[in-house]
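Text of work.txt (compact mmCIF, C-alpha atoms and all ligand atoms) as supplied:
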# COMPACT_ATOMS: atom_id res chain seq x y z
CA MET A 1 135.90 103.55 130.93
CA PHE A 2 137.09 106.53 132.95
CA ARG A 3 134.23 105.84 135.29
CA MET A 4 135.36 102.30 135.80
CA ILE A 5 138.92 103.36 136.53
CA CYS A 6 137.65 105.85 139.02
CA LEU A 7 135.40 103.36 140.75
CA SER A 8 138.09 100.78 140.82
CA ALA A 9 140.67 103.10 142.29
CA ALA A 10 138.33 104.69 144.78
CA SER A 11 136.92 101.35 145.87
CA PHE A 12 134.09 101.97 148.33
CA LEU A 13 135.49 105.13 149.83
CA ALA A 14 134.60 108.09 147.68
CA VAL A 15 132.24 107.30 144.87
CA SER A 16 131.18 110.95 144.79
CA ALA A 17 134.63 111.93 143.56
CA CYS A 18 133.95 110.20 140.29
CA GLY A 19 131.24 112.66 139.26
CA GLY A 20 128.51 111.86 136.81
CA GLY A 21 124.88 112.85 137.16
CA ASP A 22 123.55 109.30 137.13
CA GLU A 23 125.63 108.08 140.03
CA PRO A 24 123.79 106.32 142.84
CA LYS A 25 123.91 108.15 146.11
CA PRO A 26 127.51 108.38 147.39
CA VAL A 27 128.30 106.11 150.26
CA GLU A 28 129.62 108.99 152.36
CA ASN A 29 126.36 110.89 152.09
CA ALA A 30 124.35 107.80 152.77
CA ALA A 31 126.20 107.39 156.03
CA GLU A 32 125.59 111.00 157.03
CA GLU A 33 121.90 110.87 156.26
CA ALA A 34 121.21 107.56 157.93
CA PRO A 35 119.10 108.12 161.04
CA GLN A 36 120.98 105.43 162.92
CA PRO A 37 124.72 105.17 162.34
CA GLU A 38 124.70 101.37 162.57
CA LEU A 39 122.56 101.21 159.42
CA ALA A 40 125.16 102.94 157.30
CA PRO A 41 127.46 99.94 156.70
CA GLU A 42 124.50 97.91 155.52
CA MET A 43 123.47 100.56 153.06
CA ALA A 44 127.01 100.89 151.84
CA SER A 45 127.41 97.17 151.32
CA GLU A 46 124.14 97.01 149.41
CA GLU A 47 125.14 99.77 147.05
CA ALA A 48 128.68 98.70 146.40
CA PRO A 49 127.97 95.44 144.52
CA ALA A 50 125.59 97.26 142.20
CA GLU A 51 128.36 99.71 141.41
CA MET A 52 130.75 96.93 140.64
CA GLU A 53 128.26 95.21 138.36
CA MET A 54 127.68 98.41 136.45
CA ALA A 55 131.41 98.82 136.07
CA GLU A 56 131.66 95.32 134.67
CA GLU A 57 128.99 96.08 132.11
CA HIS A 58 130.76 99.25 131.09
CA HIS A 59 133.94 97.31 130.59
CA GLU A 60 132.22 95.17 127.97
CA HIS A 61 131.36 98.12 125.79
CA HIS A 62 134.01 100.82 126.15
CA GLU A 63 137.56 100.98 124.90
CA ILE A 64 140.28 102.19 127.22
CA PRO A 65 140.91 105.89 126.45
CA ALA A 66 144.20 106.77 124.80
CA PRO A 67 146.73 108.18 127.27
CA ALA A 68 147.36 111.37 125.28
CA ALA A 69 146.45 113.20 122.11
CA GLY A 70 147.98 111.88 118.95
CA GLU A 71 147.80 108.86 116.75
CA ASP A 72 147.47 105.71 118.78
CA MET A 73 147.75 102.00 118.22
CA ARG A 74 145.54 99.68 120.22
CA VAL A 75 145.44 95.91 120.38
CA ASP A 76 143.96 93.22 122.58
CA PHE A 77 145.98 91.18 125.03
CA THR A 78 145.81 87.46 124.37
CA GLY A 79 145.82 85.07 127.33
CA THR A 80 147.30 81.59 127.48
CA ASP A 81 143.90 80.19 126.41
CA GLY A 82 143.98 82.24 123.22
CA GLU A 83 141.12 84.47 124.36
CA ALA A 84 141.26 88.25 124.66
CA THR A 85 142.18 89.24 128.20
CA GLY A 86 142.40 93.02 127.98
CA GLU A 87 143.62 95.85 125.83
CA ALA A 88 146.74 97.96 125.34
CA VAL A 89 146.90 101.36 123.68
CA VAL A 90 150.13 103.18 122.83
CA VAL A 91 150.74 106.77 121.75
CA SER A 92 154.07 107.99 120.43
CA GLY A 93 155.64 111.10 121.94
CA PRO A 94 158.78 113.14 121.29
CA HIS A 95 160.71 111.47 124.12
CA GLY A 96 159.21 108.01 124.16
CA MET A 97 155.91 106.25 124.13
CA LEU A 98 153.04 106.44 126.52
CA MET A 99 150.90 103.38 126.96
CA ARG A 100 147.88 102.22 128.88
CA VAL A 101 147.04 98.65 129.69
CA ASP A 102 143.73 97.28 130.89
CA LEU A 103 143.87 93.60 131.82
CA VAL A 104 141.32 91.12 133.17
CA ASP A 105 141.36 87.53 134.41
CA LEU A 106 144.89 87.55 135.79
CA GLU A 107 146.16 86.20 139.10
CA HIS A 108 146.14 88.62 142.01
CA GLY A 109 149.42 90.39 142.79
CA PHE A 110 152.30 92.11 141.03
CA HIS A 111 153.33 90.93 137.59
CA GLY A 112 156.39 91.76 135.54
CA MET A 113 155.65 93.44 132.22
CA HIS A 114 158.14 94.10 129.44
CA LEU A 115 158.42 95.17 125.84
CA HIS A 116 159.41 92.20 123.71
CA GLN A 117 161.04 92.40 120.31
CA VAL A 118 158.53 90.74 118.00
CA GLY A 119 154.88 91.58 117.46
CA ASP A 120 153.69 88.00 117.41
CA CYS A 121 151.49 86.57 120.16
CA SER A 122 150.04 83.74 118.10
CA ASP A 123 151.65 80.91 120.10
CA PHE A 124 149.44 81.36 123.16
CA ASP A 125 149.58 77.62 123.76
CA GLY A 126 153.37 77.64 123.50
CA GLY A 127 154.25 80.31 126.05
CA PHE A 128 154.37 83.32 123.71
CA LYS A 129 157.93 82.48 122.73
CA LEU A 130 157.37 84.05 119.31
CA SER A 131 157.41 87.48 120.93
CA GLY A 132 161.15 87.04 121.32
CA SER A 133 163.40 88.57 123.94
CA HIS A 134 163.40 92.05 125.41
CA ILE A 135 163.89 95.20 123.36
CA ASN A 136 167.45 96.21 124.20
CA PRO A 137 169.07 98.43 121.54
CA THR A 138 171.54 99.89 124.04
CA GLY A 139 172.89 96.46 125.05
CA LYS A 140 172.34 96.88 128.79
CA GLU A 141 171.58 94.21 131.38
CA HIS A 142 168.04 93.63 132.57
CA GLY A 143 166.68 95.45 135.56
CA LEU A 144 165.54 98.96 136.47
CA MET A 145 167.53 98.66 139.73
CA ASN A 146 170.58 97.06 138.14
CA PRO A 147 173.72 99.27 138.05
CA ALA A 148 174.49 97.66 134.68
CA GLY A 149 170.93 98.16 133.47
CA PHE A 150 168.49 98.79 132.15
CA GLU A 151 166.99 97.54 128.94
CA LEU A 152 164.52 99.82 127.21
CA ALA A 153 162.12 96.88 127.55
CA ASP A 154 162.12 97.22 131.33
CA ILE A 155 159.12 98.87 132.95
CA PRO A 156 157.59 98.72 136.43
CA ASN A 157 155.44 95.82 137.55
CA ILE A 158 151.69 96.07 137.24
CA TYR A 159 149.36 95.19 140.12
CA VAL A 160 146.40 92.91 139.55
CA HIS A 161 143.58 93.34 142.07
CA HIS A 162 141.70 90.46 143.68
CA ASN A 163 139.05 90.70 140.96
CA GLY A 164 141.68 89.96 138.32
CA HIS A 165 141.74 93.49 136.91
CA ALA A 166 144.83 95.65 136.37
CA ARG A 167 145.13 99.04 134.78
CA ALA A 168 148.21 101.16 134.34
CA GLU A 169 149.64 104.05 132.40
CA ILE A 170 153.35 103.75 131.70
CA PHE A 171 155.83 106.04 129.95
CA VAL A 172 158.68 104.29 128.16
CA ALA A 173 161.39 106.97 128.04
CA GLY A 174 163.80 106.82 125.13
CA LEU A 175 161.79 104.43 122.99
CA THR A 176 159.35 105.94 120.53
CA LEU A 177 156.57 103.94 118.98
CA GLU A 178 158.28 104.35 115.61
CA ASP A 179 161.48 102.79 117.00
CA ALA A 180 159.61 99.93 118.62
CA MET A 181 157.68 99.31 115.41
CA ASP A 182 160.58 97.99 113.39
CA GLU A 183 159.94 95.51 110.60
CA ASP A 184 158.55 92.85 112.94
CA GLY A 185 156.75 95.09 115.42
CA PHE A 186 156.89 94.51 119.17
CA ALA A 187 154.82 93.03 121.95
CA ILE A 188 153.85 93.96 125.48
CA VAL A 189 154.22 90.81 127.54
CA VAL A 190 152.88 90.21 131.05
CA HIS A 191 154.69 87.60 133.13
CA GLU A 192 153.47 85.20 135.78
CA ASN A 193 155.52 86.61 138.66
CA PRO A 194 156.86 90.01 139.74
CA ASP A 195 160.05 91.36 138.19
CA ASP A 196 162.68 91.94 140.91
CA HIS A 197 164.35 94.48 138.58
CA MET A 198 167.77 92.91 139.13
CA THR A 199 168.03 89.18 138.33
CA GLN A 200 169.12 88.14 134.81
CA PRO A 201 167.64 87.76 132.34
CA ILE A 202 164.06 88.75 133.24
CA GLY A 203 164.03 89.52 136.95
CA GLY A 204 162.62 86.15 137.91
CA ALA A 205 159.31 87.04 136.30
CA GLY A 206 158.65 83.51 135.05
CA ALA A 207 156.27 82.39 132.35
CA ARG A 208 154.51 84.69 129.91
CA VAL A 209 150.80 84.86 130.70
CA ALA A 210 149.46 87.61 128.42
CA CYS A 211 150.72 89.18 125.23
CA ALA A 212 149.68 92.20 123.14
CA SER A 213 151.07 92.18 119.62
CA PHE A 214 151.81 95.42 117.80
CA ASN A 215 152.71 94.78 114.21
CA VAL A 216 152.06 95.77 110.62
CA PHE A 217 151.54 92.32 109.17
CU CU B 301 159.51 89.84 129.48
What would you get if you wrote out this structure as structure tokens?
Ligand SMILES: [Cu+2]
Amino acid sequence: MFRMICLSAASFLAVSACGGGDEPKPVENAAEEAPQPELAPEMASEEAPAEMEMAEEHHEHHEIPAPAAGEDMRVDFTGTDGEATGEAVVVSGPHGMLMRVDLVDLEHGFHGMHLHQVGDCSDFDGGFKLSGSHINPTGKEHGLMNPAGFELADIPNIYVHHNGHARAEIFVAGLTLEDAMDEDGFAIVVHENPDDHMTQPIGGAGARVACASFNVF
């Protein structure tokens, strides 16, 4: 999983930085060793798809690593078709919770993501309304950039690459996992559009497109 993150982030530039003894020859080195410079791009383009395929295979079989030591909770994201579309793992810390998300099959671009009040993502065909509204114990307005904000539910947007993948590690300051896990749990909800971090009530983020339910049912 770490390898996939590394490959994804590094794209085609610096495969060697990802380490690992079984790596194919780094693209940089291939370019240096090529007898004729004009051959290098060809070699690079031949190697890159193989790397991506291997990364895909790894994704099938490896869980996303927890973001820190400690007891973690991990659940799948559910998409609007009811199928698993990624994974979320959360670890509680003394000042809040640290979470990682790993999503697939989403539309390219930035997407709003929030913590919703209820750990129920069962109504995938009904817009994930059962996950309720945003966690907001301090009674603030929505929006990280709002002078009257923000809700503890509010977190930065995630970015989905052209291949539909998004990965992020996010720290939710002031909200521990124990607090979020009240009697009905909570959910991490991904929205259709970016959150502008200002507009009420959800920053213009639109429909709910993926939902990860944390609960004790
Ligand atoms: Cu939301």
ask   = Please, which residues have at least one atom within 7 Å of an atom of ligand CU 301 (chain B), using only C-alpha atoms and all ligand atoms, listed as an MDAnalysis selection string?
value = chainID A and resid 113:116 133:134 189:191 202
query = Out of A:Ser213, A:Asn193, A:Asn136, A:Gln200, which residue has the shortest atom-to-atom distance to Leu175 of chain A when counting all atoms listed in the file?
reply =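 Closest to Leu175 of chain A of all the choices is A:Asn136.
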Produce a table with one row for each residue of segment 109-216 of chain A that has an atom at most 6 Å from any atom of segment 63-82 of chain A, each row naming the nearest atom pair and its distance in Å at one decimal; use only C-alpha atoms; arrange rows by chain and rising residue number; format as a tab-separated table.
residue	atom	partner	partner_atom	distance
A:Phe124	CA	A:Thr80	CA	4.8
A:Asp125	CA	A:Thr80	CA	5.9
A:Val209	CA	A:Thr80	CA	5.8
A:Ala210	CA	A:Gly79	CA	4.6
A:Cys211	CA	A:Phe77	CA	5.1
A:Ala212	CA	A:Phe77	CA	4.3
request  = May I have the residues at most 10 Å from (171.4, 93.7, 135.6) in the file's coordinates, counting only C-alpha atoms, as a PyMOL selection string?
outcome  = chain A and resi 140-151+197-203
query = Which residues come within 8 Å of Leu152 of chain A, counting all atoms listed in the file, excluding same-chain residues fewer than 3 positions away, as a ChimeraX atom specification?
reply = /A:115,135-138,155,172-175
inquiry  = So that I can check the surroundings of Met181 of chain A, please list as a PyMOL selection string every protein, DNA and RNA residue that reaches within 10 Å of it, counting all atoms listed in the file and ignoring chain neighbours fewer than 6 positions away.
reply    = chain A and resi 117-119+187+214-216
